[in-house]
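Presented below is the structure to which this report refers.
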Amino acid sequence: MNRTLKTGLLSVALALGQAAFAQGYPSKPVRIVVPLAAGGGVDNVARAFAQKFSEAWKQPVIVENRPGAGNIIGADHVAKSAPDGYTLLASSSSLAGNAVLFRKLPFDAVRDFAPVTQFIATQLFLAMNPKVPANNVRELIAYARAQPGKLNYGSTGIGSGAHLITEMLKIETGIDVVHVPYKGDAPLMPALLNGDIQFSFLTASAVLPNARANRLRALAVTGRSRVGAAPDLPTMMEAGVPGFEFESWIGLFAPAGTPPEILAAISAETARALRQPDIIARLPGWGGDAVGSSPEVFAARFRGDIAKLGKVVSEARIPLVD
């Protein structure tokens, strides 16, 4: 048998094997790793979809929190897991941010992951401790300018959306504020409520319940338009920072090499879940819009965000992390 024919038959056999494997997927419990502490925005979304996946697949889908090192610990665990669809990563756009902020990571964000699907597109909410003597974005900026280096802002880790967007705000407005990273929304919120940090950009699920209880003050949203969950909140542009816009996402990744049939099956199940009334009802609280993209579309979005955030890091002259 010549080499070309042998190669062709091997390719066909591999494709048939992958198709058969995908048809039987999943045949055992699936883990979704969240690289943040429990109770935050990514965790809430991951748990909602884990429940939907479990109902559809008739298999347990377990959410496992592995916080630390700016989301790197959990992501690295998934990158080094078997590419069989049984270990997945739920992440925000911080995965793209880490790719451009760290000089060296224990994984390659592009080569070591297979994007599966974007769950939702999100905006962040600028939230402030009520003890800060400011009532809106302009007043917060003025207060920060008057006290350079005295205000602290929190983020869910180096490379997170909150980190990058605040660094962008520093460049745009000339304020000097200090970055304090946390392992997720859950440990960040007590610090914000107690006044250990003065402000942060956070998800709707973290901000809105506390704002409604007057435990913190919501000032603005970061997208191009206002959100239905809080229509009275202006955009950052409306609030006095021209051209300032940032939209994030929460999505699902698998280790590189995971069979494309499995990626497609998970993506399709996500799209079905996003059409269900109970998930639709949760979207305003998540501050997000349903997406449910294909692996190919999400991969293009992911690569595009790495390029975009790399430009932000360069233009803002943000020091790279060793």
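The way I read the labels, and the way they are meant: chains A, B, ... in the order of the structure tokens, residue 1 as the first residue of every chain, and ligand 1 as the first ligand shown, with later ones counted on from there.
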Q) Can you list, as a VMD selection string, every protein, DNA or RNA residue that comes within 10 Å of region 132-136 of chain A when you count only C-alpha atoms, leaving out same-chain residues fewer than 2 positions away? A) chain A and resid 126 128 to 130 138 to 144 151 195 198 to 199 216 to 220 234 239 to 240
Create the file for the chosen residues now, containing N, CA and C atoms and written as a PDB file, in the first residue's frame.
```pdb
ATOM      1  N   LEU A 126     -19.328  50.592  36.629  1.00  0.00           N
ATOM      2  CA  LEU A 126     -18.443  51.321  37.527  1.00  0.00           C
ATOM      3  C   LEU A 126     -19.167  51.511  38.856  1.00  0.00           C
ATOM      4  N   MET A 128     -18.807  52.357  43.166  1.00  0.00           N
ATOM      5  CA  MET A 128     -17.994  53.130  44.093  1.00  0.00           C
ATOM      6  C   MET A 128     -18.512  52.959  45.514  1.00  0.00           C
ATOM      7  N   ASN A 129     -17.601  52.954  46.474  1.00  0.00           N
ATOM      8  CA  ASN A 129     -18.010  52.955  47.873  1.00  0.00           C
ATOM      9  C   ASN A 129     -18.730  54.269  48.184  1.00  0.00           C
ATOM     10  N   PRO A 130     -19.882  54.218  48.849  1.00  0.00           N
ATOM     11  CA  PRO A 130     -20.666  55.442  49.089  1.00  0.00           C
ATOM     12  C   PRO A 130     -19.968  56.487  49.957  1.00  0.00           C
ATOM     13  N   ARG A 138     -17.835  62.232  36.770  1.00  0.00           N
ATOM     14  CA  ARG A 138     -17.035  63.469  36.740  1.00  0.00           C
ATOM     15  C   ARG A 138     -16.494  63.812  38.131  1.00  0.00           C
ATOM     16  N   GLU A 139     -17.338  63.678  39.146  1.00  0.00           N
ATOM     17  CA  GLU A 139     -16.918  64.021  40.501  1.00  0.00           C
ATOM     18  C   GLU A 139     -15.896  63.020  41.035  1.00  0.00           C
ATOM     19  N   LEU A 140     -16.042  61.741  40.677  1.00  0.00           N
ATOM     20  CA  LEU A 140     -15.056  60.746  41.086  1.00  0.00           C
ATOM     21  C   LEU A 140     -13.695  61.058  40.464  1.00  0.00           C
ATOM     22  N   ILE A 141     -13.691  61.407  39.178  1.00  0.00           N
ATOM     23  CA  ILE A 141     -12.434  61.743  38.503  1.00  0.00           C
ATOM     24  C   ILE A 141     -11.799  62.981  39.139  1.00  0.00           C
ATOM     25  N   ALA A 142     -12.618  63.984  39.431  1.00  0.00           N
ATOM     26  CA  ALA A 142     -12.093  65.200  40.060  1.00  0.00           C
ATOM     27  C   ALA A 142     -11.507  64.893  41.435  1.00  0.00           C
ATOM     28  N   TYR A 143     -12.187  64.037  42.200  1.00  0.00           N
ATOM     29  CA  TYR A 143     -11.712  63.669  43.530  1.00  0.00           C
ATOM     30  C   TYR A 143     -10.388  62.904  43.435  1.00  0.00           C
ATOM     31  N   ALA A 144     -10.292  61.984  42.449  1.00  0.00           N
ATOM     32  CA  ALA A 144      -9.063  61.219  42.266  1.00  0.00           C
ATOM     33  C   ALA A 144      -7.906  62.133  41.847  1.00  0.00           C
ATOM     34  N   LEU A 151      -6.327  56.871  46.115  1.00  0.00           N
ATOM     35  CA  LEU A 151      -7.484  55.995  45.935  1.00  0.00           C
ATOM     36  C   LEU A 151      -7.041  54.632  45.410  1.00  0.00           C
ATOM     37  N   GLY A 195     -14.700  49.697  52.152  1.00  0.00           N
ATOM     38  CA  GLY A 195     -13.900  50.882  51.883  1.00  0.00           C
ATOM     39  C   GLY A 195     -12.408  50.628  51.788  1.00  0.00           C
ATOM     40  N   GLN A 198     -11.804  51.875  46.799  1.00  0.00           N
ATOM     41  CA  GLN A 198     -12.824  52.907  46.638  1.00  0.00           C
ATOM     42  C   GLN A 198     -13.733  52.691  45.435  1.00  0.00           C
ATOM     43  N   PHE A 199     -13.238  52.022  44.404  1.00  0.00           N
ATOM     44  CA  PHE A 199     -14.099  51.786  43.242  1.00  0.00           C
ATOM     45  C   PHE A 199     -13.584  50.609  42.443  1.00  0.00           C
ATOM     46  N   LEU A 216     -23.524  50.299  47.917  1.00  0.00           N
ATOM     47  CA  LEU A 216     -22.534  50.951  47.073  1.00  0.00           C
ATOM     48  C   LEU A 216     -23.271  51.791  46.038  1.00  0.00           C
ATOM     49  N   ARG A 217     -22.510  52.608  45.321  1.00  0.00           N
ATOM     50  CA  ARG A 217     -23.100  53.523  44.346  1.00  0.00           C
ATOM     51  C   ARG A 217     -22.671  53.108  42.945  1.00  0.00           C
ATOM     52  N   ALA A 218     -23.638  52.810  42.095  1.00  0.00           N
ATOM     53  CA  ALA A 218     -23.356  52.502  40.691  1.00  0.00           C
ATOM     54  C   ALA A 218     -23.348  53.808  39.903  1.00  0.00           C
ATOM     55  N   LEU A 219     -22.296  54.006  39.098  1.00  0.00           N
ATOM     56  CA  LEU A 219     -22.125  55.295  38.422  1.00  0.00           C
ATOM     57  C   LEU A 219     -22.356  55.244  36.922  1.00  0.00           C
ATOM     58  N   ALA A 220     -21.940  54.161  36.257  1.00  0.00           N
ATOM     59  CA  ALA A 220     -22.024  54.130  34.797  1.00  0.00           C
ATOM     60  C   ALA A 220     -21.775  52.718  34.293  1.00  0.00           C
ATOM     61  N   PRO A 234     -25.919  56.031  33.111  1.00  0.00           N
ATOM     62  CA  PRO A 234     -25.360  56.481  31.838  1.00  0.00           C
ATOM     63  C   PRO A 234     -24.211  55.589  31.390  1.00  0.00           C
ATOM     64  N   ALA A 239     -21.314  59.966  30.655  1.00  0.00           N
ATOM     65  CA  ALA A 239     -20.954  60.469  31.975  1.00  0.00           C
ATOM     66  C   ALA A 239     -19.757  61.398  31.955  1.00  0.00           C
ATOM     67  N   GLY A 240     -19.195  61.634  30.773  1.00  0.00           N
ATOM     68  CA  GLY A 240     -18.153  62.636  30.691  1.00  0.00           C
ATOM     69  C   GLY A 240     -16.774  62.167  30.265  1.00  0.00           C
TER      70      GLY A 240
END
```
Q: Pull the alpha helix (DSSP H) assignments for region 17-210 of chain A out of DSSP run on the backbone, and list those residues as a ChimeraX atom specification.
A: /A:17-23,41-57,72-79,94-101,137-146,161-173,185-194,204-210
Q: With a distance cut-off of 12 Å and only C-alpha atoms, select the neighbouring residues of Ile266 (chain A), excluding the residue or stretch itself and same-chain residues fewer than 3 positions from it, and output the selection as a PyMOL selection string.
A: chain A and resi 22-23+25-26+30+49-50+52-54+56-57+85-86+88+115-119+251-254+258-263+269-273+292-295
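CA of Lys183 (chain A) is positioned 19.9 Å from CA of Arg31 (chain A).
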**Q.** Neighbour list for Thr87 (chain A) as a PyMOL selection string, cut-off 8 Å, only C-alpha atoms, skip fewer than 3 positions in-chain
**A.** chain A and resi 30-33+78+81-84+254-255
For C-alpha atoms, I'd like the residues from the last selection saved as a compact mmCIF listing (two decimals), in the first residue's frame.
```txt
# COMPACT_ATOMS: atom_id res chain seq x y z
CA VAL A 30 -17.71 16.84 32.94
CA ARG A 31 -15.79 19.50 34.89
CA ILE A 32 -16.01 23.22 34.19
CA VAL A 33 -13.09 24.99 35.83
CA VAL A 78 -7.27 23.14 31.82
CA SER A 81 -5.74 18.49 30.81
CA ALA A 82 -6.63 15.71 28.40
CA PRO A 83 -8.25 17.08 25.21
CA ASP A 84 -11.31 14.89 25.50
CA ALA A 254 -11.34 23.34 25.98
CA PRO A 255 -7.75 22.09 25.81
```
**Q.** strand (DSSP E or B) residues, from DSSP on the backbone, in region 13-133 of chain A, as a ChimeraX atom specification
**A.** /A:30-34,61-65,87-92,102,113-123,125-128
